[in-house]
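Below: final-v6.cif (mmCIF, C-alpha atoms; chains and numbers go by the auth columns)
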data_protein
#
loop_
_atom_site.group_PDB
_atom_site.id
_atom_site.type_symbol
_atom_site.label_atom_id
_atom_site.label_comp_id
_atom_site.label_asym_id
_atom_site.label_seq_id
_atom_site.Cartn_x
_atom_site.Cartn_y
_atom_site.Cartn_z
_atom_site.B_iso_or_equiv
_atom_site.auth_seq_id
_atom_site.auth_asym_id
ATOM 1 C CA MET A 1 4.698 3.157 9.488 0.00 15 Z
ATOM 2 C CA GLU A 2 3.427 -0.317 10.105 0.00 16 Z
ATOM 3 C CA ASN A 3 4.200 -0.114 13.816 0.00 17 Z
ATOM 4 C CA THR A 4 1.814 2.833 14.187 0.00 18 Z
ATOM 5 C CA LEU A 5 -1.204 0.967 12.815 0.00 19 Z
ATOM 6 C CA ARG A 6 -3.780 0.090 15.432 0.00 20 Z
ATOM 7 C CA LEU A 7 -5.723 -2.470 13.453 0.00 21 Z
ATOM 8 C CA HIS A 8 -6.862 -5.511 15.427 0.00 22 Z
ATOM 9 C CA ASP A 9 -6.290 -8.161 12.726 0.00 23 Z
ATOM 10 C CA HIS A 10 -3.260 -6.698 10.952 0.00 24 Z
ATOM 11 C CA ARG A 11 -0.194 -8.958 11.117 0.00 25 Z
ATOM 12 C CA PRO A 12 3.143 -7.172 11.646 0.00 26 Z
ATOM 13 C CA GLY A 13 5.432 -7.647 8.663 0.00 27 Z
ATOM 14 C CA THR A 14 2.625 -7.604 6.102 0.00 28 Z
ATOM 15 C CA LEU A 15 3.714 -4.276 4.629 0.00 29 Z
ATOM 16 C CA THR A 16 7.411 -5.072 4.685 0.00 30 Z
ATOM 17 C CA GLY A 17 6.555 -8.258 2.809 0.00 31 Z
ATOM 18 C CA LEU A 18 4.962 -6.068 0.142 0.00 32 Z
ATOM 19 C CA ASP A 19 7.997 -3.785 -0.153 0.00 33 Z
ATOM 20 C CA ARG A 20 8.576 -4.237 -3.902 0.00 34 Z
ATOM 21 C CA PHE A 21 4.877 -3.911 -4.697 0.00 35 Z
ATOM 22 C CA LEU A 22 4.540 -0.792 -2.515 0.00 36 Z
ATOM 23 C CA HIS A 23 7.572 0.838 -4.101 0.00 37 Z
ATOM 24 C CA ASP A 24 6.325 0.180 -7.605 0.00 38 Z
ATOM 25 C CA HIS A 25 2.701 1.023 -6.748 0.00 39 Z
ATOM 26 C CA THR A 26 3.603 4.430 -5.300 0.00 40 Z
ATOM 27 C CA GLY A 27 6.414 5.217 -7.715 0.00 41 Z
ATOM 28 C CA GLY A 28 8.796 5.305 -4.751 0.00 42 Z
ATOM 29 C CA MET A 29 7.145 8.450 -3.406 0.00 43 Z
ATOM 30 C CA ILE A 30 6.939 8.538 0.403 0.00 44 Z
ATOM 31 C CA GLY A 31 3.921 10.850 0.408 0.00 45 Z
ATOM 32 C CA SER A 32 2.035 8.483 -1.869 0.00 46 Z
ATOM 33 C CA LEU A 33 3.063 5.527 0.288 0.00 47 Z
ATOM 34 C CA SER A 34 1.779 7.278 3.395 0.00 48 Z
ATOM 35 C CA HIS A 35 -1.463 8.181 1.630 0.00 49 Z
ATOM 36 C CA ALA A 36 -2.006 4.600 0.419 0.00 50 Z
ATOM 37 C CA ILE A 37 -1.373 3.077 3.838 0.00 51 Z
ATOM 38 C CA ARG A 38 -3.548 5.631 5.613 0.00 52 Z
ATOM 39 C CA GLY A 39 -6.362 5.135 3.092 0.00 53 Z
ATOM 40 C CA ALA A 40 -6.174 1.368 3.384 0.00 54 Z
ATOM 41 C CA ALA A 41 -6.191 1.643 7.191 0.00 55 Z
ATOM 42 C CA VAL A 42 -9.273 3.865 7.160 0.00 56 Z
ATOM 43 C CA ASP A 43 -10.959 1.445 4.758 0.00 57 Z
ATOM 44 C CA ALA A 44 -10.021 -1.481 7.022 0.00 58 Z
ATOM 45 C CA ILE A 45 -11.700 0.242 9.961 0.00 59 Z
ATOM 46 C CA LEU A 46 -14.830 1.197 8.007 0.00 60 Z
ATOM 47 C CA THR A 47 -15.276 -2.271 6.501 0.00 61 Z
ATOM 48 C CA GLY A 48 -14.446 -4.060 9.739 0.00 62 Z
ATOM 49 C CA THR A 49 -11.621 -6.138 8.257 0.00 63 Z
ATOM 50 C CA GLU A 50 -9.120 -4.457 10.606 0.00 64 Z
ATOM 51 C CA LYS A 51 -6.149 -5.378 8.384 0.00 65 Z
ATOM 52 C CA ILE A 52 -4.316 -4.114 5.325 0.00 66 Z
ATOM 53 C CA ALA A 53 -3.679 -6.381 2.356 0.00 67 Z
ATOM 54 C CA LYS A 54 -2.311 -5.869 -1.144 0.00 68 Z
ATOM 55 C CA LYS A 55 -5.835 -5.878 -2.569 0.00 69 Z
ATOM 56 C CA SER A 56 -6.960 -3.076 -0.248 0.00 70 Z
ATOM 57 C CA LEU A 57 -3.882 -0.995 -1.092 0.00 71 Z
ATOM 58 C CA GLN A 58 -4.665 -1.324 -4.802 0.00 72 Z
ATOM 59 C CA THR A 59 -8.085 0.280 -4.301 0.00 73 Z
ATOM 60 C CA ILE A 60 -6.691 3.538 -2.877 0.00 74 Z
ATOM 61 C CA PRO A 61 -6.453 6.255 -5.551 0.00 75 Z
ATOM 62 C CA LEU A 62 -2.968 7.769 -5.824 0.00 76 Z
ATOM 63 C CA ASP A 63 -1.904 11.219 -6.948 0.00 77 Z
ATOM 64 C CA HIS A 64 -1.219 11.714 -10.652 0.00 78 Z
ATOM 65 C CA THR A 65 2.592 11.699 -10.395 0.00 79 Z
ATOM 66 C CA ALA A 66 2.709 8.496 -8.352 0.00 80 Z
ATOM 67 C CA HIS A 67 0.178 6.857 -10.629 0.00 81 Z
ATOM 68 C CA THR A 68 2.181 7.767 -13.737 0.00 82 Z
ATOM 69 C CA THR A 69 5.502 6.705 -12.196 0.00 83 Z
ATOM 70 C CA ALA A 70 3.955 3.500 -10.876 0.00 84 Z
ATOM 71 C CA SER A 71 2.563 2.662 -14.311 0.00 85 Z
ATOM 72 C CA LEU A 72 6.002 3.005 -15.855 0.00 86 Z
ATOM 73 C CA ALA A 73 7.587 0.912 -13.092 0.00 87 Z
ATOM 74 C CA THR A 74 4.984 -1.823 -13.491 0.00 88 Z
ATOM 75 C CA LYS A 75 5.668 -2.081 -17.215 0.00 89 Z
ATOM 76 C CA THR A 76 9.413 -2.550 -16.628 0.00 90 Z
ATOM 77 C CA ALA A 77 9.384 -4.454 -13.315 0.00 91 Z
ATOM 78 C CA THR A 78 10.315 -8.079 -13.034 0.00 92 Z
ATOM 79 C CA TYR A 79 8.731 -9.688 -9.988 0.00 93 Z
ATOM 80 C CA ARG A 80 10.265 -12.696 -8.339 0.00 94 Z
#
As structure tokens, what does this structure read like?
Amino acid sequence: MENTLRLHDHRPGTLTGLDRFLHDHTGGMIGSLSHAIRGAAVDAILTGTEKIAKKSLQTIPLDHTAHTTASLATKTATYR
């Protein structure tokens, strides 16, 4: 997914570096992941930041199932 982004200031590897966060944030749902990345990319274009960061991904509303699953994962996750 990251290779298809056409954002001028986005550094390759940013999303893969957020792999654990993205999995927990989306409840491991690929559709929710795609939605979050697309939403953050659109926001990056509209705001002129031209990059995706963890903070921008957190502002994208997710579907109910992903949100519920992500909440459970966050409560039990241990981050390094």
How many Å lie between CA of Thr61 in chain Z and CA of Gly42 in chain Z, rounded to one decimal? 27.6 Å
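All residues of protein, DNA or RNA that reach within 12 Å of range 20-29 of chain Z, judged by all atoms listed in the file and not counting those fewer than 5 positions away in the chain, are Met15, Arg34, Phe35, Leu36, His37, Leu47, Ser48, Ala50, Ile51, Arg52, Ala54, Ala55, Val56, Asp57, Ala58, Ile59, Leu60, Thr61, Gly62, Thr63, Glu64, Lys65, Ile66, Ala67, Lys68, Ser70 and Leu71 of chain Z.
Between CA of Pro75 in chain Z and CA of Asn17 in chain Z the separation is 23.0 Å.
Between CA of Ile74 in chain Z and CA of His39 in chain Z the separation is 10.5 Å.
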Nearest to Gly53 in chain Z: which of Z:Thr40, Z:Thr73, Z:Thr18, Z:Thr30 is it, counting all atoms listed in the file? Z:Thr73
Around all of range 60-77 of chain Z's listed atoms, make the axis-aligned box with 3 Å on each side and tell me centre and edge lengths in Å to one decimal, as lines of an AutoDock Vina configuration file.
center_x = -8.6
center_y = 2.4
center_z = 1.8
size_x = 19.4
size_y = 23.6
size_z = 23.6
